[in-house]
file coords.txt (compact mmCIF, C-alpha atoms (C1' of nucleotides))
# COMPACT_ATOMS: atom_id res chain seq x y z
CA MET A 149 28.91 -0.09 23.24
CA THR A 150 28.46 -3.36 21.34
CA PRO A 151 26.72 -6.20 23.10
CA THR A 152 28.98 -8.86 24.53
CA PRO A 153 29.96 -10.80 21.44
CA ASP A 154 30.19 -14.35 22.74
CA ARG A 155 27.19 -14.85 24.91
CA GLY A 156 23.91 -13.33 25.91
CA PRO A 157 20.63 -13.11 24.01
CA ASP A 158 21.70 -10.24 21.78
CA ARG A 159 24.55 -11.87 19.95
CA GLY A 160 24.34 -12.99 16.36
CA PRO A 161 23.65 -11.18 13.12
CA ASP A 162 20.16 -10.03 14.04
CA ARG A 163 21.06 -8.40 17.31
CA GLY A 164 18.35 -10.09 19.28
CA LEU A 165 15.69 -9.48 16.70
CA ASP A 166 13.90 -12.75 17.37
CA ARG A 167 14.06 -12.16 21.06
CA ARG A 168 12.51 -8.73 20.69
CA LEU A 169 9.82 -10.08 18.42
CA ASP A 170 9.03 -12.83 20.90
CA GLN A 171 8.87 -10.29 23.69
CA ALA A 172 6.48 -8.21 21.63
CA ALA A 173 4.31 -11.24 20.95
CA GLU A 174 4.22 -12.07 24.63
CA LEU A 175 3.33 -8.48 25.47
CA CYS A 176 0.40 -8.53 23.06
CA ARG A 177 -0.80 -11.88 24.31
CA ALA A 178 -0.75 -10.64 27.89
CA ARG A 179 -3.08 -7.87 26.76
CA GLY A 180 -5.43 -10.20 24.96
CA GLN A 181 -4.12 -9.06 21.60
CA SER A 182 -2.41 -11.05 18.94
CA LEU A 183 0.81 -10.33 17.10
CA THR A 184 -0.20 -12.05 13.88
CA PRO A 185 2.37 -13.09 11.27
CA LEU A 186 1.68 -9.95 9.26
CA ARG A 187 2.01 -7.66 12.24
CA ARG A 188 5.09 -9.50 13.37
CA ARG A 189 6.67 -9.14 9.97
CA VAL A 190 5.87 -5.41 9.85
CA LEU A 191 7.42 -4.94 13.26
CA GLU A 192 10.45 -6.90 12.10
CA ILE A 193 10.82 -4.67 9.06
CA VAL A 194 10.70 -1.57 11.22
CA LEU A 195 13.13 -3.09 13.71
CA GLU A 196 15.59 -3.99 10.99
CA ALA A 197 15.66 -0.49 9.54
CA ASP A 198 18.30 1.93 10.71
CA ARG A 199 16.05 4.91 10.22
CA PRO A 200 12.36 5.79 10.33
CA LEU A 201 10.49 4.00 7.57
CA GLY A 202 7.52 5.42 5.74
CA ALA A 203 4.39 3.33 5.49
CA TYR A 204 5.08 3.01 1.79
CA ASP A 205 8.64 1.83 2.44
CA VAL A 206 7.19 -0.98 4.50
CA LEU A 207 4.62 -1.60 1.82
CA GLU A 208 7.30 -1.98 -0.81
CA ILE A 209 9.23 -4.54 1.22
CA LEU A 210 6.08 -6.50 1.92
CA ALA A 211 5.10 -6.36 -1.72
CA GLU A 212 8.39 -7.95 -2.74
CA GLU A 213 7.61 -10.85 -0.47
CA ARG A 214 3.96 -11.42 -1.13
CA GLY A 215 2.98 -9.64 -4.29
CA ARG A 216 0.57 -6.80 -4.34
CA VAL A 217 -0.08 -5.23 -0.95
CA ALA A 218 -2.54 -2.39 -0.49
CA PRO A 219 -1.94 0.60 1.80
CA PRO A 220 -4.61 -0.32 4.35
CA THR A 221 -2.82 -3.59 5.02
CA VAL A 222 0.27 -1.70 6.11
CA TYR A 223 -1.50 1.11 7.93
CA ARG A 224 -3.60 -1.31 9.92
CA SER A 225 -0.56 -3.18 11.10
CA LEU A 226 1.30 0.01 11.91
CA ASP A 227 -1.71 1.36 13.79
CA PHE A 228 -1.86 -1.83 15.79
CA LEU A 229 1.82 -1.57 16.63
CA LEU A 230 1.34 2.07 17.59
CA ASP A 231 -1.53 1.14 19.88
CA GLN A 232 0.61 -1.50 21.53
CA GLY A 233 3.46 0.96 21.94
CA LEU A 234 5.75 -1.19 19.82
CA VAL A 235 6.50 1.56 17.35
CA HIS A 236 6.46 5.36 17.42
CA LYS A 237 5.35 7.66 14.70
CA VAL A 238 7.86 10.31 13.68
CA LEU A 239 5.82 13.28 12.55
CA SER A 240 8.80 15.23 11.25
CA VAL A 241 9.40 12.67 8.55
CA ASN A 242 6.08 10.86 8.26
CA GLY A 243 7.76 7.69 9.36
CA PHE A 244 7.77 4.97 11.96
CA VAL A 245 10.50 3.70 14.26
CA ALA A 246 10.52 0.71 16.54
CA CYS A 247 10.13 1.56 20.18
CA SER A 248 13.31 0.88 22.08
CA ASP A 249 11.59 0.10 25.35
CA THR A 250 8.37 -1.78 24.90
CA ALA A 251 7.96 -2.58 28.55
CA ARG A 252 5.24 -0.01 28.84
CA PRO A 253 3.76 2.80 26.79
CA HIS A 254 5.65 6.03 27.20
CA ALA A 255 6.20 9.40 25.63
CA ALA A 256 9.41 9.40 23.66
CA GLU A 257 11.94 12.01 22.78
CA LEU A 258 13.32 11.44 19.34
CA PHE A 259 16.62 12.81 18.14
CA ILE A 260 16.52 12.75 14.37
CA CYS A 261 19.58 13.39 12.26
CA ARG A 262 18.87 15.60 9.28
CA HIS A 263 21.81 14.11 7.47
CA CYS A 264 21.56 10.34 7.81
CA GLY A 265 17.95 10.19 8.93
CA ASN A 266 18.77 8.05 11.91
CA ALA A 267 16.43 8.49 14.87
CA VAL A 268 17.48 7.81 18.43
CA GLU A 269 14.83 7.39 21.05
CA VAL A 270 15.32 8.56 24.58
CA ALA A 271 12.61 7.52 26.96
CA ARG A 272 11.38 10.35 29.09
CA LYS A 273 11.93 9.49 32.68
CA ALA A 274 9.17 11.59 34.08
CA ALA A 275 6.78 14.30 33.06
CA ASP A 276 8.56 17.51 32.23
CA PRO A 277 7.84 19.83 35.17
CA ARG A 278 8.02 22.92 33.00
CA LEU A 279 5.48 21.48 30.64
CA GLU A 280 3.21 20.45 33.49
CA GLU A 281 3.43 23.95 34.89
CA THR A 282 2.56 25.58 31.61
CA ALA A 283 -0.33 23.18 31.12
CA ALA A 284 -1.60 23.91 34.60
CA GLY A 285 -1.41 27.63 33.89
CA LEU A 286 -3.52 27.13 30.78
CA ASP A 287 -5.85 24.74 32.59
CA PHE A 288 -4.99 22.30 29.83
CA ALA A 289 -5.21 18.53 30.37
CA ILE A 290 -2.29 16.86 28.65
CA GLU A 291 -3.05 13.63 26.88
CA SER A 292 0.09 13.12 24.86
CA VAL A 293 3.28 14.91 23.95
CA VAL A 294 5.22 14.93 20.72
CA LEU A 295 8.85 15.87 21.16
CA GLU A 296 11.11 15.61 18.17
CA VAL A 297 14.57 17.10 18.02
CA ARG A 298 16.16 17.63 14.65
CA GLY A 299 19.84 18.19 14.10
CA ARG A 300 23.02 16.36 13.36
CA CYS A 301 24.16 13.13 14.99
CA ALA A 302 27.67 12.41 16.23
CA ASP A 303 28.62 10.23 13.26
CA CYS A 304 27.54 12.78 10.68
CA ARG A 305 29.32 15.58 12.49
CA ALA A 306 32.48 13.50 12.55
CA ASP A 307 32.23 12.83 8.82
CA ALA A 308 31.86 16.47 7.95
CA MET B 239 -9.50 38.89 29.32
CA THR B 240 -10.77 41.06 26.46
CA PRO B 241 -8.59 43.90 25.30
CA THR B 242 -9.46 47.32 26.65
CA PRO B 243 -12.44 48.22 24.52
CA ASP B 244 -12.07 51.96 24.13
CA ARG B 245 -8.47 52.58 23.40
CA GLY B 246 -5.21 50.92 22.49
CA PRO B 247 -4.09 49.45 19.22
CA ASP B 248 -5.91 46.15 19.69
CA ARG B 249 -9.45 47.42 19.87
CA GLY B 250 -11.97 46.96 17.13
CA PRO B 251 -13.40 43.94 15.45
CA ASP B 252 -10.13 42.65 14.06
CA ARG B 253 -8.18 42.69 17.32
CA GLY B 254 -5.21 44.46 15.91
CA LEU B 255 -5.06 42.43 12.76
CA ASP B 256 -3.89 45.31 10.61
CA ARG B 257 -1.33 46.28 13.17
CA ARG B 258 0.06 42.76 13.23
CA LEU B 259 0.14 42.59 9.47
CA ASP B 260 1.93 45.92 9.31
CA GLN B 261 4.43 44.71 11.85
CA ALA B 262 5.00 41.60 9.79
CA ALA B 263 5.53 43.67 6.67
CA GLU B 264 8.02 45.85 8.49
CA LEU B 265 9.83 42.78 9.78
CA CYS B 266 10.17 41.38 6.29
CA ARG B 267 11.30 44.68 4.88
CA ALA B 268 13.96 44.97 7.55
CA ARG B 269 15.29 41.63 6.33
CA GLY B 270 15.27 42.62 2.70
CA GLN B 271 12.19 40.49 2.06
CA SER B 272 8.79 41.52 0.88
CA LEU B 273 5.41 40.71 2.32
CA THR B 274 3.57 40.78 -1.00
CA PRO B 275 -0.21 41.15 -1.18
CA LEU B 276 -0.59 37.41 -1.63
CA ARG B 277 1.66 36.57 1.31
CA ARG B 278 -0.01 39.24 3.39
CA ARG B 279 -3.43 37.84 2.61
CA VAL B 280 -2.33 34.31 3.46
CA LEU B 281 -0.94 35.50 6.75
CA GLU B 282 -4.17 37.36 7.39
CA ILE B 283 -6.20 34.23 6.73
CA VAL B 284 -4.08 32.25 9.17
CA LEU B 285 -4.29 35.05 11.73
CA GLU B 286 -8.05 35.23 11.45
CA ALA B 287 -8.53 31.52 12.05
CA ASP B 288 -9.14 30.28 15.56
CA ARG B 289 -7.39 27.00 14.90
CA PRO B 290 -4.61 25.58 12.74
CA LEU B 291 -5.56 25.78 9.09
CA GLY B 292 -4.55 23.25 6.49
CA ALA B 293 -2.92 24.48 3.31
CA TYR B 294 -6.04 23.46 1.46
CA ASP B 295 -8.25 25.40 3.86
CA VAL B 296 -6.25 28.48 2.95
CA LEU B 297 -6.45 27.51 -0.69
CA GLU B 298 -10.22 27.30 -0.54
CA ILE B 299 -10.55 30.75 1.00
CA LEU B 300 -8.20 32.23 -1.57
CA ALA B 301 -10.05 30.49 -4.36
CA GLU B 302 -13.31 32.13 -3.29
CA GLU B 303 -11.66 35.49 -3.65
CA ARG B 304 -9.65 35.08 -6.82
CA GLY B 305 -10.90 32.07 -8.70
CA ARG B 306 -8.79 29.04 -9.30
CA VAL B 307 -5.73 28.84 -7.08
CA ALA B 308 -3.23 26.01 -7.35
CA PRO B 309 -1.55 24.33 -4.38
CA PRO B 310 1.96 25.68 -5.07
CA THR B 311 0.64 29.19 -4.72
CA VAL B 312 -0.43 28.49 -1.19
CA TYR B 313 2.51 26.33 -0.19
CA ARG B 314 4.98 28.89 -1.44
CA SER B 315 3.39 31.62 0.61
CA LEU B 316 3.21 29.42 3.67
CA ASP B 317 6.84 28.40 3.22
CA PHE B 318 7.81 32.04 3.04
CA LEU B 319 5.88 32.80 6.21
CA LEU B 320 7.50 29.79 7.91
CA ASP B 321 10.93 31.04 6.89
CA GLN B 322 10.14 34.44 8.31
CA GLY B 323 8.88 32.90 11.54
CA LEU B 324 5.46 34.41 11.00
CA VAL B 325 3.65 31.09 11.15
CA HIS B 326 4.37 27.71 12.68
CA LYS B 327 3.63 24.36 11.20
CA VAL B 328 1.64 22.03 13.41
CA LEU B 329 2.79 18.56 12.51
CA SER B 330 0.14 16.81 14.60
CA VAL B 331 -2.60 18.15 12.39
CA ASN B 332 -0.80 19.09 9.17
CA GLY B 333 -1.78 22.67 9.74
CA PHE B 334 -0.44 26.16 10.18
CA VAL B 335 -0.91 28.69 12.96
CA ALA B 336 0.16 32.28 13.13
CA CYS B 337 3.10 32.88 15.37
CA SER B 338 2.12 34.82 18.45
CA ASP B 339 5.46 36.49 18.90
CA THR B 340 7.07 37.44 15.64
CA ALA B 341 9.76 39.54 17.20
CA ARG B 342 12.31 36.84 16.51
CA PRO B 343 12.37 33.22 15.39
CA HIS B 344 11.88 30.83 18.25
CA ALA B 345 10.97 27.27 19.07
CA ALA B 346 7.37 27.10 20.12
CA GLU B 347 5.41 24.84 22.38
CA LEU B 348 1.97 24.24 21.05
CA PHE B 349 -0.93 23.11 23.18
CA ILE B 350 -3.50 21.64 20.83
CA CYS B 351 -6.98 20.75 21.96
CA ARG B 352 -8.18 17.45 20.54
CA HIS B 353 -11.74 18.58 20.91
CA CYS B 354 -11.98 22.07 19.45
CA GLY B 355 -8.70 22.02 17.57
CA ASN B 356 -7.58 25.27 19.06
CA ALA B 357 -3.81 25.67 19.36
CA VAL B 358 -2.18 27.87 21.95
CA GLU B 359 1.41 28.81 21.51
CA VAL B 360 3.75 29.25 24.42
CA ALA B 361 7.12 30.64 23.54
CA ARG B 362 9.94 28.76 25.11
CA LYS B 363 11.89 31.08 27.29
CA ALA B 364 15.16 29.24 27.06
CA ALA B 365 16.59 25.99 25.89
CA ASP B 366 15.34 23.06 27.90
CA PRO B 367 18.28 22.04 30.10
CA ARG B 368 17.20 18.41 30.16
CA LEU B 369 17.07 18.32 26.40
CA GLU B 370 20.46 20.01 26.12
CA GLU B 371 21.89 17.46 28.50
CA THR B 372 20.52 14.53 26.58
CA ALA B 373 21.76 15.99 23.33
CA ALA B 374 25.20 16.52 24.81
CA GLY B 375 25.23 12.93 26.00
CA LEU B 376 24.44 11.75 22.47
CA ASP B 377 26.89 14.23 20.99
CA PHE B 378 23.94 15.47 18.97
CA ALA B 379 23.82 19.03 17.62
CA ILE B 380 20.29 20.36 17.99
CA GLU B 381 19.02 22.45 15.10
CA SER B 382 15.34 22.63 15.88
CA VAL B 383 12.79 21.21 18.26
CA VAL B 384 9.20 20.25 17.67
CA LEU B 385 7.12 20.20 20.81
CA GLU B 386 3.41 19.62 20.49
CA VAL B 387 1.16 18.83 23.39
CA ARG B 388 -2.19 17.29 22.70
CA GLY B 389 -5.05 17.21 25.15
CA ARG B 390 -8.12 19.11 26.20
CA CYS B 391 -8.31 22.85 26.67
CA ALA B 392 -10.01 24.63 29.55
CA ASP B 393 -13.12 25.57 27.57
CA CYS B 394 -13.72 22.08 26.29
CA ARG B 395 -13.25 20.58 29.72
CA ALA B 396 -15.75 23.04 31.13
CA ASP B 397 -18.30 22.11 28.46
CA ALA B 398 -18.01 18.40 29.15
C1' DT C 113 14.91 48.72 -23.64
C1' DA C 114 17.37 44.84 -22.19
C1' DT C 115 18.37 42.00 -18.28
C1' DG C 116 18.28 39.92 -13.98
C1' DA C 117 15.94 38.77 -9.81
C1' DC C 118 12.02 37.49 -7.78
C1' DA C 119 7.06 36.31 -7.42
C1' DT C 120 3.32 34.08 -9.22
C1' DG C 121 0.60 31.10 -12.45
C1' DT C 122 -0.06 26.47 -14.57
C1' DT C 123 0.11 21.65 -15.30
C1' DA C 124 1.00 17.44 -13.74
C1' DT C 125 2.19 14.16 -10.41
C1' DA C 126 4.04 12.26 -6.11
C1' DA C 127 3.36 10.92 -1.36
C1' DA C 128 0.56 9.94 2.60
C1' DG C 129 -3.58 8.30 4.50
C1' DT C 130 -8.64 6.64 4.76
C1' DA C 131 -13.49 4.68 3.79
C1' DT C 132 -15.78 0.74 2.77
C1' DC C 133 -17.12 -3.83 1.58
C1' DG C 134 -16.54 -8.59 1.80
C1' DA C 135 -14.15 -13.14 2.52
C1' DG C 136 -12.07 -16.20 5.58
C1' DA C 137 -10.08 -17.71 10.06
C1' DA C 138 -10.36 -17.92 15.09
C1' DT C 139 -12.95 -18.02 19.18
C1' DG C 140 -16.41 -19.09 22.32
C1' DA C 141 -21.42 -20.58 23.61
C1' DC C 142 -24.37 -23.95 23.45
C1' DG D 130 -19.77 -30.21 16.43
C1' DT D 131 -21.96 -26.10 14.73
C1' DC D 132 -23.54 -21.72 14.98
C1' DA D 133 -22.82 -16.88 15.86
C1' DT D 134 -19.58 -13.45 16.84
C1' DT D 135 -15.41 -11.19 16.39
C1' DC D 136 -11.09 -10.34 14.44
C1' DT D 137 -7.99 -10.11 10.57
C1' DC D 138 -6.90 -9.27 6.11
C1' DG D 139 -7.57 -8.44 0.99
C1' DA D 140 -9.18 -5.43 -2.48
C1' DT D 141 -11.06 -1.27 -4.67
C1' DA D 142 -11.50 3.28 -4.72
C1' DC D 143 -10.74 7.58 -2.98
C1' DT D 144 -9.20 11.88 -0.20
C1' DT D 145 -5.78 14.75 1.56
C1' DT D 146 -1.28 16.69 1.58
C1' DA D 147 2.71 18.18 -0.90
C1' DT D 148 6.11 18.98 -4.68
C1' DA D 149 8.47 19.11 -9.42
C1' DA D 150 8.97 21.51 -13.51
C1' DC D 151 8.22 25.02 -16.45
C1' DA D 152 5.92 29.36 -18.12
C1' DT D 153 4.63 34.04 -17.33
C1' DG D 154 4.49 38.39 -15.12
C1' DT D 155 6.55 42.33 -12.56
C1' DC D 156 9.76 45.53 -11.22
C1' DA D 157 14.20 47.83 -10.59
C1' DT D 158 17.99 49.48 -12.90
C1' DA D 159 22.06 49.38 -16.00

call {"tool": "encode", "arguments": {"input": "coords.txt", "output": "C-alpha cells"}}
result
Amino acid sequence: MTPTPDRGPDRGPDRGLDRRLDQAAELCRARGQSLTPLRRRVLEIVLEADRPLGAYDVLEILAEERGRVAPPTVYRSLDFLLDQGLVHKVLSVNGFVACSDTARPHAAELFICRHCGNAVEVARKAADPRLEETAAGLDFAIESVVLEVRGRCADCRADA
Amino acid sequence: MTPTPDRGPDRGPDRGLDRRLDQAAELCRARGQSLTPLRRRVLEIVLEADRPLGAYDVLEILAEERGRVAPPTVYRSLDFLLDQGLVHKVLSVNGFVACSDTARPHAAELFICRHCGNAVEVARKAADPRLEETAAGLDFAIESVVLEVRGRCADCRADA
DNA sequence: TATGACATGTTATAAAGTATCGAGAATGAC
DNA sequence: GTCATTCTCGATACTTTATAACATGTCATA
C-alpha cells in the first residue's frame, strides 16, 4: 500500500521524512524537551534505514558528515530518543528502529526478519490479558515488556 | 512453599540439583549429545544462581576453580546449553538462566525484577493467538519469540 | 596405530556500552 | 545586561560482552 502518489504530506522521495521529524520536534517541545540538530539528525538516520541500526552504524554515518564522533555522542542521542519514545531498542540485534507511532509511548511488538533484517513494528493495542494474569499470579508489577518475534518476512519467503 | 523436607527427590541443601543435572545429562545423551564435565559444571553454576548470570560471572567462578579460563570456553558451553534448551538467554540483562522445564524446547516468558534481578520463567502453554494472527496478517513466518517482562517482584514490593 | 570427530585451550580482537571531565550555548532571575 | 544555572555536546579513557581463528587434547574405532 503505497501512499497516494500525487498529493498528501507523504509524497516525494523522503516519504514524509521532514514531516515526521517536524512532528517529533513538536512532540519534544510540548514536553519541554528539545530535539536539537544532533538528535534530529540521529533520528533522521534511524528513520531512513530500512532495518535496525546499531549505535556504531549511526556513529559511522555521523562521522562521515562531521569527522570524528565518539560513542557517547551517539548513545546520548539514542537514549534521548528512547526516552521520548521516538525510537525502540531491538534487543535481539542490539539495534535501534524508529517508532512508527510516536503519538504516545507504547510497548511495541517487533517482527524481525532473520534474512533481510527488516523489523516491522506492530503497536500493541492493549495489555495482553494472559500476561496480566500471569503477572497477577506471581504478584509481579509489570513496568515494561519486550516482545520480539524472529522469523522470515513475506518478501524473503517469496524470494526463497 | 518449601519442598517437603523429609522425603522426595528435591530435599537436601541443593534442592535436587544433582537430579536436575542427571536429567540434563540423560536428555543430551538421548539426543546423541554429551553433557561433558565442563558443560555440566556450567549448567550447575547457572542452576545454583538465584538470578541471571552473565557469561563473565560464570567465567569468574570457573576461573576460581581451574585457573585461567578464556571467554570462548564459557560461551561455547553456554551456546551448547542454549541449543539443548537447558538455559535461556535473557536479552534484557545479557545473562543466562537455567530453564525450568527442560522436557522439551519451548518459548519462555521471563519475569525479571528490576530490583533484585531475579528472573522467573513461565512456560508458554501454547502459541499466543494474537501474535499468530498478527504474523499471519504480515505473512510473517515465526521462528522464535522473545518475551521479557520487566518490573518488580512480590518480595521487592513487600520490602519497599 | 592412524584417522576422524568432537571438545577444549589459547591468542587476539571485535562489538557494544559507560564513566567522567570540561567547554560552550541556552535559559531564566534579578 | 549579566550572573548563575542547566542543558548539550566533545573528548578521553575504559568496561563489558562476544567472536574469529587456530592449536591441542581426547576418544572411539577401522

call {"tool": "residues_around", "arguments": {"input": "coords.txt", "residues": "DT153 of chain D", "least_positions_apart": "4", "cutoff": "10 Å", "atoms": "only C-alpha atoms (C1' of nucleotides)", "output": "VMD selection string"}}
result
chain C and resid 120 to 122

call {"tool": "interface_residues", "arguments": {"input": "coords.txt", "of": "chain A", "to": "chain B", "cutoff": "8 Å", "atoms": "all atoms listed in the file", "output": "JSON, numbers by chain"}}
result
{"A": [239, 240, 259, 283, 286, 287, 288, 289, 290, 291, 292, 293, 294, 295, 296, 297, 298, 299, 300, 301, 302]}

call {"tool": "residues_around", "arguments": {"input": "coords.txt", "residues": "Ala271 of chain A", "least_positions_apart": "6", "cutoff": "8 Å", "atoms": "only C-alpha atoms (C1' of nucleotides)", "output": "list in words"}}
result
Asp249, His254, Ala255, Ala256 and Glu257 of chain A

call {"tool": "axis_aligned_box", "arguments": {"input": "coords.txt", "around": "segment 274-280 of chain B", "padding_each_side": "3 Å", "output": "lines of an AutoDock Vina configuration file"}}
result
center_x = 0.1
center_y = 37.7
center_z = 0.9
size_x = 13.0
size_y = 12.8
size_z = 11.1

call {"tool": "calpha_fit_and_write", "arguments": {"input": "coords.txt", "fixed": "chain A", "moving": "chain B", "output": "short mmCIF file (atom, residue, chain, number, x, y, z; two decimals) with C-alpha atoms, keeping the file's coordinate frame"}}
result
data_model
loop_
_atom_site.label_atom_id
_atom_site.label_comp_id
_atom_site.auth_asym_id
_atom_site.auth_seq_id
_atom_site.Cartn_x
_atom_site.Cartn_y
_atom_site.Cartn_z
CA MET B 239 29.62 -0.39 22.21
CA THR B 240 28.91 -3.71 20.48
CA PRO B 241 27.08 -6.36 22.43
CA THR B 242 29.22 -9.04 24.01
CA PRO B 243 29.99 -11.22 21.02
CA ASP B 244 30.11 -14.68 22.54
CA ARG B 245 27.20 -14.91 24.85
CA GLY B 246 24.00 -13.22 25.91
CA PRO B 247 20.69 -13.01 24.14
CA ASP B 248 21.71 -10.17 21.84
CA ARG B 249 24.53 -11.85 19.99
CA GLY B 250 24.31 -12.97 16.42
CA PRO B 251 23.62 -11.17 13.22
CA ASP B 252 20.14 -10.01 14.14
CA ARG B 253 21.05 -8.40 17.46
CA GLY B 254 18.31 -10.04 19.38
CA LEU B 255 15.66 -9.46 16.79
CA ASP B 256 13.86 -12.71 17.47
CA ARG B 257 14.01 -12.11 21.16
CA ARG B 258 12.47 -8.68 20.76
CA LEU B 259 9.77 -10.02 18.49
CA ASP B 260 8.99 -12.78 20.97
CA GLN B 261 8.80 -10.24 23.74
CA ALA B 262 6.42 -8.17 21.66
CA ALA B 263 4.25 -11.19 20.99
CA GLU B 264 4.16 -11.99 24.68
CA LEU B 265 3.25 -8.40 25.48
CA CYS B 266 0.35 -8.48 23.07
CA ARG B 267 -0.84 -11.82 24.33
CA ALA B 268 -0.80 -10.56 27.89
CA ARG B 269 -3.16 -7.81 26.75
CA GLY B 270 -5.49 -10.16 24.95
CA GLN B 271 -4.16 -9.03 21.58
CA SER B 272 -2.42 -11.02 18.93
CA LEU B 273 0.80 -10.29 17.12
CA THR B 274 -0.20 -12.01 13.88
CA PRO B 275 2.38 -13.06 11.30
CA LEU B 276 1.68 -9.94 9.27
CA ARG B 277 2.00 -7.62 12.26
CA ARG B 278 5.07 -9.48 13.41
CA ARG B 279 6.68 -9.12 10.01
CA VAL B 280 5.88 -5.41 9.87
CA LEU B 281 7.40 -4.92 13.28
CA GLU B 282 10.43 -6.90 12.17
CA ILE B 283 10.84 -4.69 9.11
CA VAL B 284 10.70 -1.57 11.25
CA LEU B 285 13.11 -3.10 13.76
CA GLU B 286 15.58 -4.02 11.05
CA ALA B 287 15.68 -0.52 9.59
CA ASP B 288 18.32 1.90 10.78
CA ARG B 289 16.07 4.88 10.28
CA PRO B 290 12.38 5.77 10.35
CA LEU B 291 10.55 3.96 7.59
CA GLY B 292 7.59 5.37 5.72
CA ALA B 293 4.46 3.27 5.44
CA TYR B 294 5.18 2.91 1.76
CA ASP B 295 8.73 1.74 2.44
CA VAL B 296 7.24 -1.05 4.51
CA LEU B 297 4.69 -1.67 1.81
CA GLU B 298 7.39 -2.07 -0.80
CA ILE B 299 9.30 -4.61 1.27
CA LEU B 300 6.13 -6.57 1.95
CA ALA B 301 5.18 -6.44 -1.70
CA GLU B 302 8.49 -8.05 -2.66
CA GLU B 303 7.68 -10.93 -0.39
CA ARG B 304 4.00 -11.49 -1.06
CA GLY B 305 3.05 -9.75 -4.25
CA ARG B 306 0.63 -6.90 -4.36
CA VAL B 307 -0.01 -5.31 -0.99
CA ALA B 308 -2.44 -2.44 -0.54
CA PRO B 309 -1.85 0.56 1.73
CA PRO B 310 -4.55 -0.33 4.29
CA THR B 311 -2.76 -3.58 4.99
CA VAL B 312 0.31 -1.71 6.08
CA TYR B 313 -1.43 1.14 7.85
CA ARG B 314 -3.58 -1.24 9.84
CA SER B 315 -0.57 -3.15 11.06
CA LEU B 316 1.30 0.03 11.89
CA ASP B 317 -1.73 1.39 13.73
CA PHE B 318 -1.90 -1.79 15.75
CA LEU B 319 1.78 -1.54 16.61
CA LEU B 320 1.30 2.13 17.55
CA ASP B 321 -1.58 1.19 19.82
CA GLN B 322 0.55 -1.44 21.48
CA GLY B 323 3.40 1.03 21.93
CA LEU B 324 5.68 -1.14 19.83
CA VAL B 325 6.47 1.60 17.34
CA HIS B 326 6.43 5.38 17.40
CA LYS B 327 5.34 7.67 14.66
CA VAL B 328 7.85 10.31 13.67
CA LEU B 329 5.81 13.27 12.55
CA SER B 330 8.81 15.23 11.26
CA VAL B 331 9.43 12.66 8.57
CA ASN B 332 6.10 10.84 8.27
CA GLY B 333 7.81 7.67 9.36
CA PHE B 334 7.79 4.94 11.95
CA VAL B 335 10.49 3.70 14.30
CA ALA B 336 10.49 0.72 16.58
CA CYS B 337 10.09 1.59 20.20
CA SER B 338 13.25 0.91 22.14
CA ASP B 339 11.52 0.16 25.39
CA THR B 340 8.30 -1.72 24.94
CA ALA B 341 7.87 -2.52 28.58
CA ARG B 342 5.14 0.07 28.86
CA PRO B 343 3.69 2.89 26.78
CA HIS B 344 5.59 6.10 27.20
CA ALA B 345 6.17 9.47 25.63
CA ALA B 346 9.39 9.43 23.69
CA GLU B 347 11.93 12.03 22.78
CA LEU B 348 13.30 11.44 19.36
CA PHE B 349 16.61 12.82 18.17
CA ILE B 350 16.52 12.75 14.39
CA CYS B 351 19.58 13.41 12.30
CA ARG B 352 18.85 15.60 9.29
CA HIS B 353 21.80 14.12 7.50
CA CYS B 354 21.56 10.35 7.85
CA GLY B 355 17.96 10.21 8.98
CA ASN B 356 18.78 8.08 11.95
CA ALA B 357 16.42 8.49 14.91
CA VAL B 358 17.47 7.83 18.47
CA GLU B 359 14.82 7.42 21.07
CA VAL B 360 15.27 8.60 24.62
CA ALA B 361 12.55 7.57 26.98
CA ARG B 362 11.34 10.38 29.13
CA LYS B 363 11.90 9.50 32.72
CA ALA B 364 9.13 11.63 34.11
CA ALA B 365 6.75 14.33 33.10
CA ASP B 366 8.50 17.56 32.27
CA PRO B 367 7.79 19.86 35.22
CA ARG B 368 7.95 22.97 33.05
CA LEU B 369 5.42 21.52 30.68
CA GLU B 370 3.15 20.47 33.54
CA GLU B 371 3.36 23.96 34.94
CA THR B 372 2.47 25.59 31.66
CA ALA B 373 -0.40 23.19 31.16
CA ALA B 374 -1.68 23.90 34.65
CA GLY B 375 -1.51 27.61 33.95
CA LEU B 376 -3.61 27.12 30.81
CA ASP B 377 -5.91 24.72 32.62
CA PHE B 378 -5.03 22.28 29.86
CA ALA B 379 -5.26 18.52 30.39
CA ILE B 380 -2.30 16.86 28.69
CA GLU B 381 -3.05 13.60 26.92
CA SER B 382 0.09 13.12 24.90
CA VAL B 383 3.27 14.91 23.99
CA VAL B 384 5.21 14.92 20.76
CA LEU B 385 8.83 15.87 21.18
CA GLU B 386 11.10 15.62 18.18
CA VAL B 387 14.54 17.11 18.04
CA ARG B 388 16.14 17.64 14.68
CA GLY B 389 19.82 18.21 14.13
CA ARG B 390 23.03 16.39 13.39
CA CYS B 391 24.14 13.18 15.03
CA ALA B 392 27.64 12.44 16.29
CA ASP B 393 28.60 10.27 13.32
CA CYS B 394 27.52 12.79 10.74
CA ARG B 395 29.31 15.60 12.52
CA ALA B 396 32.47 13.52 12.61
CA ASP B 397 32.24 12.84 8.87
CA ALA B 398 31.86 16.51 8.01
#

call {"tool": "interface_residues", "arguments": {"input": "coords.txt", "of": "chain D", "to": "chain B", "cutoff": "9 Å", "atoms": "all atoms listed in the file", "output": "MDAnalysis selection string"}}
result
chainID D and resid 145:148
